[in-house]
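Below: data18.csv (CSV, C-alpha atoms)
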chain,number,residue,atom,x,y,z
N,1,MET,CA,15.2,-28.1,-19.9
N,2,ALA,CA,12.4,-27.3,-22.3
N,3,ALA,CA,9.8,-28.6,-19.8
N,4,ALA,CA,11.3,-26.5,-17.0
N,5,ALA,CA,11.2,-23.4,-19.1
N,6,ARG,CA,7.6,-24.1,-20.0
N,7,TRP,CA,6.6,-24.3,-16.3
N,8,LYS,CA,8.7,-21.4,-15.1
N,9,PRO,CA,6.1,-18.7,-15.7
N,10,LEU,CA,3.7,-20.6,-13.5
N,11,VAL,CA,6.0,-20.6,-10.5
N,12,PRO,CA,5.0,-17.1,-9.2
N,13,TRP,CA,1.3,-17.9,-9.4
N,14,VAL,CA,1.7,-21.3,-7.7
N,15,SER,CA,3.8,-19.7,-5.0
N,16,GLY,CA,1.1,-17.0,-4.5
N,17,VAL,CA,-1.6,-19.6,-4.1
N,18,LEU,CA,0.5,-21.6,-1.6
N,19,LEU,CA,1.2,-18.4,0.3
N,20,LEU,CA,-2.4,-17.6,0.4
N,21,LEU,CA,-3.3,-21.0,1.7
N,22,ALA,CA,-0.6,-20.7,4.3
N,23,ALA,CA,-2.0,-17.4,5.5
N,24,LEU,CA,-5.4,-19.0,5.8
N,25,GLY,CA,-4.0,-21.9,7.8
N,26,LEU,CA,-2.0,-19.6,10.0
N,27,GLN,CA,-5.1,-17.9,11.4
N,28,ALA,CA,-6.1,-20.9,13.5
N,29,GLN,CA,-2.6,-20.8,15.2
N,30,LEU,CA,-2.8,-17.2,16.3
N,31,TYR,CA,-4.2,-15.7,19.5
N,32,ALA,CA,-6.1,-12.4,19.4
N,33,GLY,CA,-3.1,-10.0,19.6
N,34,GLN,CA,-1.1,-11.9,17.0
N,35,GLU,CA,-4.1,-12.0,14.7
N,36,ARG,CA,-4.5,-8.2,14.9
N,37,THR,CA,-0.8,-7.8,14.1
N,38,VAL,CA,-1.0,-10.0,11.1
N,39,THR,CA,-4.2,-8.3,10.0
N,40,THR,CA,-2.3,-5.0,10.0
N,41,ILE,CA,0.5,-6.6,8.0
N,42,PHE,CA,-2.0,-7.6,5.4
N,43,MET,CA,-3.4,-4.0,5.3
N,44,PHE,CA,0.1,-2.6,4.6
N,45,VAL,CA,0.8,-5.2,2.0
N,46,ALA,CA,-2.2,-4.0,0.1
N,47,LEU,CA,-1.2,-0.3,0.6
N,48,ALA,CA,2.4,-0.8,-0.4
N,49,GLN,CA,1.4,-2.7,-3.5
N,50,ALA,CA,-1.0,0.1,-4.5
N,51,TRP,CA,1.7,2.8,-4.0
N,52,ASN,CA,4.1,0.6,-6.0
N,53,LEU,CA,1.9,0.8,-9.1
N,54,ILE,CA,2.4,4.5,-9.5
N,55,GLY,CA,5.6,5.1,-7.4
N,56,GLY,CA,7.5,1.9,-8.3
N,57,TYR,CA,6.6,1.1,-11.9
N,58,ALA,CA,6.0,4.6,-13.2
N,59,GLY,CA,8.4,6.4,-10.9
N,60,TYR,CA,5.9,9.0,-9.8
N,61,ALA,CA,6.4,9.2,-6.0
N,62,SER,CA,3.0,10.1,-4.6
N,63,PHE,CA,3.5,11.7,-1.2
N,64,GLY,CA,-0.3,12.2,-0.9
N,65,GLN,CA,-1.4,8.6,-1.4
N,66,VAL,CA,-3.1,8.7,2.0
N,67,VAL,CA,-5.8,10.9,0.4
N,68,PHE,CA,-7.3,7.8,-1.2
N,69,PHE,CA,-7.2,5.9,2.1
N,70,GLY,CA,-9.0,8.8,3.8
N,71,ILE,CA,-11.6,9.1,1.0
N,72,GLY,CA,-12.3,5.4,1.1
N,73,GLY,CA,-12.8,5.5,4.9
N,74,TYR,CA,-15.0,8.6,4.9
N,75,VAL,CA,-17.2,7.5,2.0
N,76,THR,CA,-17.9,4.3,3.9
N,77,ALA,CA,-18.6,6.1,7.2
N,78,VAL,CA,-20.9,8.7,5.5
N,79,ALA,CA,-22.7,6.1,3.4
N,80,MET,CA,-23.3,3.7,6.3
N,81,THR,CA,-24.2,6.4,8.8
N,82,HIS,CA,-26.4,8.7,6.7
N,83,TRP,CA,-27.6,6.5,3.9
N,84,HIS,CA,-27.8,3.2,5.8
N,85,LEU,CA,-26.0,1.2,3.1
N,86,SER,CA,-24.3,-2.1,3.9
N,87,PHE,CA,-20.6,-2.2,4.4
N,88,TRP,CA,-20.1,-4.4,1.3
N,89,THR,CA,-21.9,-1.9,-0.9
N,90,CYS,CA,-19.9,0.9,0.7
N,91,LEU,CA,-16.6,-1.0,0.1
N,92,VAL,CA,-17.2,-1.0,-3.7
N,93,LEU,CA,-18.5,2.6,-3.6
N,94,ALA,CA,-15.4,3.7,-1.7
N,95,GLY,CA,-13.1,2.1,-4.2
N,96,ALA,CA,-15.0,3.6,-7.1
N,97,VAL,CA,-15.0,7.1,-5.6
N,98,ALA,CA,-11.3,7.0,-4.8
N,99,ALA,CA,-10.5,5.8,-8.3
N,100,ALA,CA,-12.6,8.6,-9.9
N,101,PHE,CA,-10.9,11.1,-7.6
N,102,GLY,CA,-7.5,9.7,-8.7
N,103,ALA,CA,-8.4,10.1,-12.4
N,104,VAL,CA,-9.7,13.7,-11.9
N,105,ILE,CA,-6.6,15.0,-10.0
N,106,GLY,CA,-4.3,12.8,-12.0
N,107,LEU,CA,-5.0,14.6,-15.3
N,108,PRO,CA,-3.4,17.9,-14.1
N,109,LEU,CA,-1.0,16.5,-11.4
N,110,LEU,CA,0.6,13.8,-13.6
N,111,ARG,CA,1.9,16.5,-15.9
N,112,LEU,CA,4.3,17.4,-13.1
N,113,ARG,CA,7.4,15.4,-12.5
N,114,GLY,CA,9.8,14.6,-9.6
N,115,HIS,CA,9.4,16.6,-6.4
N,116,TYR,CA,6.8,18.9,-8.0
N,117,PHE,CA,4.4,16.0,-8.3
N,118,ALA,CA,5.3,14.7,-4.8
N,119,ILE,CA,4.6,18.1,-3.2
N,120,ALA,CA,1.4,18.6,-5.2
N,121,THR,CA,-0.1,15.3,-4.1
N,122,LEU,CA,0.9,16.0,-0.5
N,123,GLY,CA,-1.0,19.4,-0.8
N,124,VAL,CA,-4.1,17.6,-2.2
N,125,ALA,CA,-4.1,15.2,0.7
N,126,GLU,CA,-3.9,18.1,3.2
N,127,GLY,CA,-6.5,20.0,1.4
N,128,ILE,CA,-9.0,17.2,1.4
N,129,ARG,CA,-8.4,16.6,5.1
N,130,GLU,CA,-9.3,20.3,5.8
N,131,VAL,CA,-12.5,19.8,3.7
N,132,VAL,CA,-13.5,16.8,5.7
N,133,THR,CA,-12.7,18.6,9.0
N,134,ASN,CA,-14.9,21.5,8.0
N,135,LEU,CA,-18.0,19.5,7.1
N,136,PRO,CA,-19.1,18.5,10.6
N,137,GLU,CA,-22.8,17.8,9.7
N,138,LEU,CA,-21.7,15.3,7.1
N,139,THR,CA,-18.4,13.9,8.3
N,140,GLY,CA,-18.4,14.7,12.0
N,141,GLY,CA,-15.6,17.1,11.5
N,142,GLY,CA,-12.8,17.1,14.0
N,143,ALA,CA,-14.9,15.2,16.5
N,144,GLY,CA,-15.0,12.2,14.3
N,145,ILE,CA,-17.8,10.0,13.1
N,146,THR,CA,-18.9,6.6,14.4
N,147,LEU,CA,-20.1,3.9,12.0
N,148,PRO,CA,-23.2,2.0,13.0
N,149,THR,CA,-21.9,-1.5,13.8
N,150,VAL,CA,-24.0,-2.6,16.8
N,151,GLY,CA,-27.6,-2.3,17.9
N,152,ASP,CA,-30.6,-1.5,15.7
N,153,GLN,CA,-28.7,0.9,13.6
N,154,ALA,CA,-26.2,-1.6,12.5
N,155,VAL,CA,-26.6,-2.3,8.8
N,156,THR,CA,-23.8,-4.8,8.6
N,157,PRO,CA,-22.7,-6.8,11.7
N,158,TYR,CA,-19.2,-6.1,13.0
N,159,LEU,CA,-16.8,-8.7,11.5
N,160,GLY,CA,-14.5,-9.2,14.6
N,161,ASN,CA,-10.9,-10.2,14.6
N,162,ASP,CA,-11.5,-13.3,12.4
N,163,GLY,CA,-13.6,-11.5,9.9
N,164,PHE,CA,-11.1,-8.6,9.5
N,165,TYR,CA,-8.2,-11.0,9.2
N,166,LEU,CA,-9.9,-12.6,6.2
N,167,LEU,CA,-11.0,-9.2,4.7
N,168,PHE,CA,-7.6,-7.7,4.8
N,169,LEU,CA,-6.0,-10.9,3.5
N,170,ALA,CA,-8.4,-10.8,0.6
N,171,LEU,CA,-7.5,-7.1,-0.1
N,172,ALA,CA,-3.7,-8.0,0.1
N,173,ALA,CA,-4.2,-10.9,-2.3
N,174,LEU,CA,-6.2,-8.6,-4.7
N,175,ALA,CA,-3.4,-6.0,-4.6
N,176,VAL,CA,-0.7,-8.6,-5.2
N,177,LEU,CA,-2.7,-10.1,-8.1
N,178,VAL,CA,-3.3,-6.7,-9.7
N,179,SER,CA,0.4,-5.9,-9.4
N,180,GLY,CA,1.4,-9.2,-10.9
N,181,LEU,CA,-1.0,-8.7,-13.8
N,182,VAL,CA,0.2,-5.2,-14.4
N,183,ALA,CA,3.9,-6.2,-14.2
N,184,GLY,CA,3.5,-8.8,-17.0
N,185,SER,CA,1.3,-6.7,-19.2
N,186,ARG,CA,2.0,-4.2,-22.0
N,187,ALA,CA,0.9,-1.5,-19.5
N,188,GLY,CA,3.6,-2.7,-17.1
N,189,PHE,CA,6.3,-2.3,-19.8
N,190,ALA,CA,4.9,1.1,-20.7
N,191,LEU,CA,5.1,2.2,-17.1
N,192,ARG,CA,8.8,1.0,-16.9
N,193,ALA,CA,9.5,2.9,-20.0
N,194,ILE,CA,8.0,6.0,-18.5
N,195,HIS,CA,10.1,5.5,-15.4
N,196,GLN,CA,13.3,5.3,-17.5
N,197,ASP,CA,12.6,8.1,-19.9
N,198,GLU,CA,9.1,9.5,-20.4
N,199,ASP,CA,10.0,11.5,-23.4
N,200,ALA,CA,11.5,8.5,-25.2
N,201,ALA,CA,8.4,6.4,-24.2
N,202,GLY,CA,6.1,9.0,-25.8
N,203,ALA,CA,8.3,9.1,-28.9
N,204,MET,CA,7.9,5.3,-29.2
N,205,GLY,CA,4.1,5.6,-29.3
N,206,VAL,CA,3.2,5.2,-25.6
N,207,ASN,CA,0.2,7.3,-24.6
N,208,THR,CA,1.9,8.4,-21.4
N,209,THR,CA,-0.9,10.6,-20.1
N,210,ARG,CA,-3.5,7.8,-20.4
N,211,ILE,CA,-1.4,5.1,-18.9
N,212,LYS,CA,-0.3,7.3,-15.9
N,213,VAL,CA,-3.9,8.4,-15.2
N,214,VAL,CA,-5.3,4.9,-15.4
N,215,THR,CA,-2.6,3.5,-13.1
N,216,PHE,CA,-3.1,6.4,-10.6
N,217,ALA,CA,-6.8,5.6,-10.6
N,218,LEU,CA,-6.1,1.9,-10.1
N,219,SER,CA,-3.8,2.7,-7.3
N,220,GLY,CA,-6.4,4.9,-5.7
N,221,PHE,CA,-9.1,2.2,-6.1
N,222,ILE,CA,-7.1,-0.4,-4.1
N,223,THR,CA,-6.1,2.2,-1.5
N,224,GLY,CA,-9.7,3.3,-1.2
N,225,LEU,CA,-10.8,-0.3,-0.6
N,226,VAL,CA,-8.3,-0.6,2.2
N,227,GLY,CA,-9.4,2.7,3.7
N,228,ALA,CA,-13.0,1.5,3.7
N,229,ALA,CA,-12.1,-1.7,5.5
N,230,TYR,CA,-10.0,0.2,8.0
N,231,ALA,CA,-12.8,2.6,8.8
N,232,PHE,CA,-15.2,-0.3,9.5
N,233,GLN,CA,-12.6,-2.0,11.6
N,234,GLN,CA,-12.0,1.1,13.8
N,235,VAL,CA,-15.7,2.0,14.1
N,236,THR,CA,-14.9,5.7,15.0
N,237,ILE,CA,-12.6,7.6,12.7
N,238,PHE,CA,-11.0,11.1,12.7
N,239,PRO,CA,-9.5,13.2,9.9
N,240,GLU,CA,-6.2,13.3,11.6
N,241,ARG,CA,-5.9,9.5,11.5
N,242,LEU,CA,-7.4,8.8,8.1
N,243,PHE,CA,-5.3,11.5,6.4
N,244,ASP,CA,-2.2,11.0,8.4
N,245,VAL,CA,0.9,11.5,6.2
N,246,ASP,CA,2.7,8.8,8.3
N,247,ILE,CA,0.6,6.2,6.5
N,248,THR,CA,2.0,7.3,3.1
N,249,VAL,CA,5.5,7.4,4.6
N,250,LEU,CA,5.1,3.8,5.7
N,251,MET,CA,4.0,2.8,2.2
N,252,VAL,CA,7.0,4.4,0.6
N,253,VAL,CA,9.5,3.0,3.1
N,254,MET,CA,8.0,-0.5,2.7
N,255,VAL,CA,8.4,-0.4,-1.1
N,256,VAL,CA,11.9,1.1,-0.9
N,257,ILE,CA,13.1,-1.5,1.5
N,258,GLY,CA,11.5,-4.4,-0.3
N,259,GLY,CA,12.3,-3.3,-3.8
N,260,SER,CA,10.3,-0.9,-6.0
N,261,GLY,CA,9.0,-1.9,-9.3
N,262,THR,CA,8.6,-5.5,-8.3
N,263,VAL,CA,5.7,-7.6,-7.2
N,264,LEU,CA,7.5,-9.3,-4.3
N,265,GLY,CA,9.3,-6.2,-3.0
N,266,PRO,CA,6.3,-4.4,-1.4
N,267,LEU,CA,5.2,-7.7,0.1
N,268,VAL,CA,8.6,-8.4,1.6
N,269,GLY,CA,9.0,-4.8,2.8
N,270,ALA,CA,5.5,-4.6,4.4
N,271,VAL,CA,6.0,-7.9,6.3
N,272,LEU,CA,9.6,-7.1,7.4
N,273,LEU,CA,8.9,-3.5,8.5
N,274,GLN,CA,5.6,-4.2,10.3
N,275,TYR,CA,6.9,-7.3,12.1
N,276,LEU,CA,10.1,-5.4,13.1
N,277,SER,CA,8.1,-2.4,14.3
N,278,GLU,CA,5.9,-4.7,16.5
N,279,PHE,CA,8.9,-6.6,17.8
N,280,LEU,CA,10.7,-3.4,18.8
N,281,ARG,CA,7.6,-1.9,20.3
N,282,GLN,CA,7.1,-4.9,22.6
N,283,ASN,CA,10.7,-5.3,23.6
N,284,TYR,CA,12.1,-1.8,23.5
N,285,THR,CA,9.1,0.3,24.4
N,286,SER,CA,10.9,3.5,25.4
N,287,TYR,CA,13.0,3.9,22.2
N,288,HIS,CA,11.6,1.6,19.6
N,289,ILE,CA,10.9,4.5,17.2
N,290,PHE,CA,14.6,5.5,17.4
N,291,LEU,CA,15.7,1.9,16.7
N,292,LEU,CA,13.3,1.4,13.9
N,293,GLY,CA,14.5,4.6,12.2
N,294,ALA,CA,18.1,3.6,12.6
N,295,ILE,CA,17.5,0.2,11.1
N,296,ILE,CA,15.6,1.8,8.1
N,297,ILE,CA,18.5,4.2,7.5
N,298,VAL,CA,21.0,1.4,7.5
N,299,ALA,CA,18.8,-0.8,5.2
N,300,VAL,CA,18.4,2.0,2.7
N,301,VAL,CA,22.1,2.8,2.7
N,302,LEU,CA,23.2,-0.8,2.3
N,303,LEU,CA,20.4,-1.8,-0.1
N,304,PRO,CA,19.3,1.3,-2.0
N,305,GLN,CA,17.7,-0.8,-4.7
N,306,GLY,CA,15.7,-2.9,-2.2
N,307,ALA,CA,16.1,-6.4,-0.8
N,308,VAL,CA,14.4,-8.2,-3.6
N,309,ASN,CA,16.4,-6.4,-6.4
N,310,TYR,CA,19.6,-6.9,-4.4
N,311,LEU,CA,19.1,-10.6,-4.2
N,312,ARG,CA,18.1,-10.9,-7.8
N,313,ASP,CA,21.2,-9.0,-8.9
N,314,ALA,CA,23.4,-10.9,-6.5
N,315,ARG,CA,22.2,-14.3,-7.8
N,316,ARG,CA,22.9,-13.2,-11.4
N,317,THR,CA,26.3,-11.8,-10.8
N,318,GLY,CA,27.5,-13.9,-7.9
N,319,GLU,CA,28.4,-10.7,-6.0
N,320,TYR,CA,26.9,-10.6,-2.5
N,321,SER,CA,29.1,-8.0,-0.9
N,322,LEU,CA,27.1,-5.2,0.7
N,323,LEU,CA,30.0,-2.8,0.5
N,324,ALA,CA,30.3,-3.4,-3.2
N,325,ASN,CA,26.6,-2.8,-3.5
N,326,VAL,CA,26.9,0.5,-1.8
N,327,ARG,CA,29.7,1.6,-4.1
N,328,ARG,CA,27.7,0.5,-7.1
N,329,TYR,CA,24.7,2.6,-6.2
N,330,ARG,CA,26.2,5.4,-4.1
N,331,LEU,CA,29.6,6.3,-5.4
Rendering of file as C-alpha cells:
Amino acid sequence: MAAAARWKPLVPWVSGVLLLLAALGLQAQLYAGQERTVTTIFMFVALAQAWNLIGGYAGYASFGQVVFFGIGGYVTAVAMTHWHLSFWTCLVLAGAVAAAFGAVIGLPLLRLRGHYFAIATLGVAEGIREVVTNLPELTGGGAGITLPTVGDQAVTPYLGNDGFYLLFLALAALAVLVSGLVAGSRAGFALRAIHQDEDAAGAMGVNTTRIKVVTFALSGFITGLVGAAYAFQQVTIFPERLFDVDITVLMVVMVVIGGSGTVLGPLVGAVLLQYLSEFLRQNYTSYHIFLLGAIIIVAVVLLPQGAVNYLRDARRTGEYSLLANVRRYRL
C-alpha cells in the first residue's frame, strides 16, 4: 500500500507520456483527411486548456479569449510578410505579444467580476478586430493578408499536413503540461480559492490581482501560440475568421462538457466535441449543427459539472444515476 501511494502521483505524468507516444504513432495510420481532423482536435485541446486556466481554475469566464488567437495570428502574418522573420521566430513573438496584451488589459478588466468581466472581454475582442480591419496597409484589412510560404519570398517552408500535425500536437502537449503544473502548484490552489470566494482568498493573504493577471497572461500566451500556428497553416487569414467569437464559444463548451478546473476535462471535451462535430458533419450534412447543439444541451443538463468531474464524484460515492446528478446540481 505504501509503495502504491508513493507511485500514485506519477500516474498522470506517465499516462500523459503514453498518450503523447500514442498520438505520434497514430499519425502513420491516418490518411490526409483524418490527419487534418486530428490536427484540428490538437488545436482545440490547446485552446481549451488555455481558457481553462482563467475560466476553469479562477472562475473568470473570458468571452473574448479569441482576441489572443487573433493577435497571435496577425503578429505572425505581419512579421513574416513585412519584416521577413522566420515562422519559428514569429511563433515566440506572437506568444509574447499576446501575453503582454493579456497582462495590460488584465489589470483593469480583472477587477470586474461575473458577466461584467465576460462582456468586457468580448468588447475588447471586437474592438481589436475593428482595429485590424482598419489597418489595411499593415494587416491587409478586410481583404486579408497572405503569408509568404512558397516561392522566393518564403522565409520558412510550408510544413504540410505532417508538419502541422506535429506542431499542433506539441502545442497541445505544452498546454496540458502547463495546466498540470498550475493545478498542482500553490498558484493553482490560489486560483481555486479565488474561484470559491475571492474576498476570503484575499483575506488569507493571496495576492489576487497578481495571480489573476499572471494567469490571464499565461492563458493568452498559449492561445497566441496556437493562433500563430493556425495563421501559418491557413496561409491567407481574415479578421472575421481570426477574431470569430465562435472560436471562444467552442473553447468554453469543450471545457464545460469535459469538466472545468481539471487537467483532463478540457482534453476530453475537445476530443469528444470535435470528433462528434466531424462525425455529424459527414453523416448528417443538412442538419448536423442542429444535432450537435441538441447533444450539447443534453450533455450540459445531465452533466452540469462536466464528464470528468461526474465520473470522479460517481466513483467516490458509488452513485452513477444521471437523474440524481441533475437533482443534485439543478434542483
At most 12 Å is the cut-off: for each residue in region 121-209 of chain N with any atom that close to an atom of region 22-29 of chain N, write down the nearest atom pair and the distance in Å rounded to one decimal, counting only C-alpha atoms, chain first then increasing number, as a tab-separated table.
residue	atom	partner	partner_atom	distance
N:Asn161	CA	N:Gln27	CA	10.2
N:Asp162	CA	N:Gln27	CA	7.9
N:Gly163	CA	N:Gln27	CA	10.7
N:Phe164	CA	N:Gln27	CA	11.2
N:Tyr165	CA	N:Gln27	CA	7.9
N:Leu166	CA	N:Leu24	CA	7.8
N:Leu167	CA	N:Leu24	CA	11.3
N:Phe168	CA	N:Ala23	CA	11.2
N:Leu169	CA	N:Ala23	CA	7.9
N:Ala170	CA	N:Leu24	CA	10.2
N:Ala172	CA	N:Ala23	CA	11.0
N:Ala173	CA	N:Ala23	CA	10.4
Resulting file, chosen residues, C-alpha atoms, as an mmCIF file, in the frame of the given file:
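Produced file selection-v3.cif, reproduced below:
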data_model
loop_
_atom_site.group_PDB
_atom_site.id
_atom_site.type_symbol
_atom_site.label_atom_id
_atom_site.label_comp_id
_atom_site.auth_asym_id
_atom_site.auth_seq_id
_atom_site.Cartn_x
_atom_site.Cartn_y
_atom_site.Cartn_z
ATOM 1 C CA ASN N 161 -10.900 -10.200 14.600
ATOM 2 C CA ASP N 162 -11.500 -13.300 12.400
ATOM 3 C CA GLY N 163 -13.600 -11.500 9.900
ATOM 4 C CA PHE N 164 -11.100 -8.600 9.500
ATOM 5 C CA TYR N 165 -8.200 -11.000 9.200
ATOM 6 C CA LEU N 166 -9.900 -12.600 6.200
ATOM 7 C CA LEU N 167 -11.000 -9.200 4.700
ATOM 8 C CA PHE N 168 -7.600 -7.700 4.800
ATOM 9 C CA LEU N 169 -6.000 -10.900 3.500
ATOM 10 C CA ALA N 170 -8.400 -10.800 0.600
ATOM 11 C CA ALA N 172 -3.700 -8.000 0.100
ATOM 12 C CA ALA N 173 -4.200 -10.900 -2.300
#
Point out the residue among N:Thr223, N:Leu107, N:Glu319, N:Asn325 with the least atom-to-atom distance to Leu302 (chain N), counting only C-alpha atoms.
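Of N:Thr223, N:Leu107, N:Glu319, N:Asn325, the one nearest Leu302 (chain N), counting only C-alpha atoms, is N:Asn325.
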Please report, as a Markdown table, each residue of region 85-203 of chain N lying at most 10 Å from region 233-245 of chain N, together with the nearest pair of atoms and the separation in Å rounded to one decimal; use all atoms listed in the file, and order rows by chain and ascending residue number.
| residue | atom | partner | partner_atom | distance |
| --- | --- | --- | --- | --- |
| N:Leu122 | CA | N:Val245 | CA | 8.1 |
| N:Ala125 | CA | N:Phe243 | CA | 6.9 |
| N:Glu126 | CA | N:Phe243 | CA | 7.5 |
| N:Gly127 | CA | N:Phe243 | CA | 9.9 |
| N:Ile128 | CA | N:Phe243 | CA | 8.4 |
| N:Arg129 | CA | N:Pro239 | CA | 6.0 |
| N:Glu130 | CA | N:Pro239 | CA | 8.2 |
| N:Val131 | CA | N:Pro239 | CA | 9.5 |
| N:Val132 | CA | N:Pro239 | CA | 6.8 |
| N:Thr133 | CA | N:Pro239 | CA | 6.3 |
| N:Thr139 | CA | N:Phe238 | CA | 9.1 |
| N:Gly140 | CA | N:Phe238 | CA | 8.3 |
| N:Gly141 | CA | N:Pro239 | CA | 7.4 |
| N:Gly142 | CA | N:Phe238 | CA | 6.4 |
| N:Ala143 | CA | N:Phe238 | CA | 6.8 |
| N:Gly144 | CA | N:Phe238 | CA | 4.4 |
| N:Ile145 | CA | N:Thr236 | CA | 5.5 |
| N:Thr146 | CA | N:Thr236 | CA | 4.1 |
| N:Leu147 | CA | N:Val235 | CA | 5.2 |
| N:Pro148 | CA | N:Val235 | CA | 7.6 |
| N:Thr149 | CA | N:Val235 | CA | 7.1 |
| N:Val150 | CA | N:Val235 | CA | 9.9 |
| N:Tyr158 | CA | N:Gln233 | CA | 7.9 |
| N:Leu159 | CA | N:Gln233 | CA | 7.9 |
| N:Gly160 | CA | N:Gln233 | CA | 8.0 |
| N:Asn161 | CA | N:Gln233 | CA | 8.9 |
| N:Gly163 | CA | N:Gln233 | CA | 9.7 |
| N:Phe164 | CA | N:Gln233 | CA | 7.1 |
For the residues selected in the previous step, produce a file with C-alpha atoms as a tab-separated table (two decimals), in the coordinates of the input.
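Full text of out-v9.tsv as output:
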chain	number	residue	atom	x	y	z
N	122	LEU	CA	0.90	16.00	-0.50
N	125	ALA	CA	-4.10	15.20	0.70
N	126	GLU	CA	-3.90	18.10	3.20
N	127	GLY	CA	-6.50	20.00	1.40
N	128	ILE	CA	-9.00	17.20	1.40
N	129	ARG	CA	-8.40	16.60	5.10
N	130	GLU	CA	-9.30	20.30	5.80
N	131	VAL	CA	-12.50	19.80	3.70
N	132	VAL	CA	-13.50	16.80	5.70
N	133	THR	CA	-12.70	18.60	9.00
N	139	THR	CA	-18.40	13.90	8.30
N	140	GLY	CA	-18.40	14.70	12.00
N	141	GLY	CA	-15.60	17.10	11.50
N	142	GLY	CA	-12.80	17.10	14.00
N	143	ALA	CA	-14.90	15.20	16.50
N	144	GLY	CA	-15.00	12.20	14.30
N	145	ILE	CA	-17.80	10.00	13.10
N	146	THR	CA	-18.90	6.60	14.40
N	147	LEU	CA	-20.10	3.90	12.00
N	148	PRO	CA	-23.20	2.00	13.00
N	149	THR	CA	-21.90	-1.50	13.80
N	150	VAL	CA	-24.00	-2.60	16.80
N	158	TYR	CA	-19.20	-6.10	13.00
N	159	LEU	CA	-16.80	-8.70	11.50
N	160	GLY	CA	-14.50	-9.20	14.60
N	161	ASN	CA	-10.90	-10.20	14.60
N	163	GLY	CA	-13.60	-11.50	9.90
N	164	PHE	CA	-11.10	-8.60	9.50
Go through N:Gly102, N:Pro304, N:Gly261, N:Gly220 and flag the residue nearest Leu323 (chain N), using all atoms listed in the file for the distances.
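Counting all atoms listed in the file, the residue closest to Leu323 (chain N) is N:Pro304.
Computed from the coordinates, the CA of Gln196 (chain N) to CA of Leu109 (chain N) distance equals 19.2 Å.
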Shell around region 176-186 of chain N at 10 Å using only C-alpha atoms, local window under 2 positions removed, as a PyMOL selection string
chain N and resi 12-13+16+45-46+48-50+52-53+57+170-174+188-192+215+218-219+222+261-264+266-267
Would you work out the distance separating CA of Asp199 (chain N) from CA of Val253 (chain N), expressed in Å to one decimal?
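Separation of CA of Asp199 (chain N) and CA of Val253 (chain N): 27.8 Å.
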Pairwise distance for CA of Ala231 (chain N) and CA of Gly73 (chain N), rounded to one decimal in Å
4.9 Å
Measuring between all atoms listed in the file, which one of N:Gln305, N:Thr248, N:Ser86, N:Thr76 shows the shortest distance to Tyr329 (chain N)?
N:Gln305
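If all atoms listed in the file are the atoms counted, then among N:Trp88, N:Tyr31, N:Tyr284, N:Phe44 the closest residue to Val255 (chain N) is N:Phe44.
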In file coordinates, which residues lie within 9 Å of (-2.9, 10.3, -14.5) using only C-alpha atoms, given as number ranges by chain?
N: 102-111, 208-217
Among the residues N:Val124, N:Val226, N:Arg315, N:Gly306, the one that comes closest to Thr39 (chain N) [using all atoms listed in the file]
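Closest candidate: N:Val226.
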I need the residue nearest Trp83 (chain N) from this list: N:Val17, N:Val67, N:Val155, N:Met43. Use all atoms listed in the file for the distance.
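Checking each candidate against Trp83 (chain N), we get N:Val155 as the closest.
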Save C-alpha atoms of region 2-40 of chain N from the block above as a short mmCIF file (atom, residue, chain, number, x, y, z; two decimals), in the first residue's frame.
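Saved file part-v5.cif follows:
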data_model
loop_
_atom_site.label_atom_id
_atom_site.label_comp_id
_atom_site.auth_asym_id
_atom_site.auth_seq_id
_atom_site.Cartn_x
_atom_site.Cartn_y
_atom_site.Cartn_z
CA ALA N 2 2.80 2.38 0.86
CA ALA N 3 4.53 1.68 -2.45
CA ALA N 4 1.30 2.26 -4.36
CA ALA N 5 0.76 5.56 -2.59
CA ARG N 6 4.31 6.61 -3.40
CA TRP N 7 3.87 5.94 -7.13
CA LYS N 8 0.34 7.35 -7.41
CA PRO N 9 1.44 10.98 -8.11
CA LEU N 10 3.41 9.73 -11.14
CA VAL N 11 0.41 8.08 -12.78
CA PRO N 12 -0.89 11.25 -14.54
CA TRP N 13 2.56 12.07 -15.93
CA VAL N 14 3.20 8.53 -17.15
CA SER N 15 -0.28 8.48 -18.70
CA GLY N 16 0.46 11.76 -20.43
CA VAL N 17 3.70 10.46 -21.92
CA LEU N 18 1.98 7.28 -23.13
CA LEU N 19 -0.80 9.34 -24.67
CA LEU N 20 1.74 11.54 -26.43
CA LEU N 21 3.55 8.49 -27.82
CA ALA N 22 0.22 7.04 -28.96
CA ALA N 23 -0.58 10.28 -30.79
CA LEU N 24 2.80 10.14 -32.53
CA GLY N 25 2.21 6.53 -33.55
CA LEU N 26 -1.30 7.31 -34.76
CA GLN N 27 -0.04 9.71 -37.42
CA ALA N 28 1.27 6.91 -39.62
CA GLN N 29 -2.17 5.24 -39.59
CA LEU N 30 -4.14 8.24 -40.85
CA TYR N 31 -4.90 9.35 -44.38
CA ALA N 32 -4.79 13.06 -45.25
CA GLY N 33 -8.37 13.97 -44.27
CA GLN N 34 -8.17 12.13 -40.97
CA GLU N 35 -4.81 13.72 -40.22
CA ARG N 36 -6.28 17.20 -40.70
CA THR N 37 -9.19 16.34 -38.41
CA VAL N 38 -6.89 15.11 -35.64
CA THR N 39 -4.71 18.20 -36.12
CA THR N 40 -7.78 20.36 -35.50
#
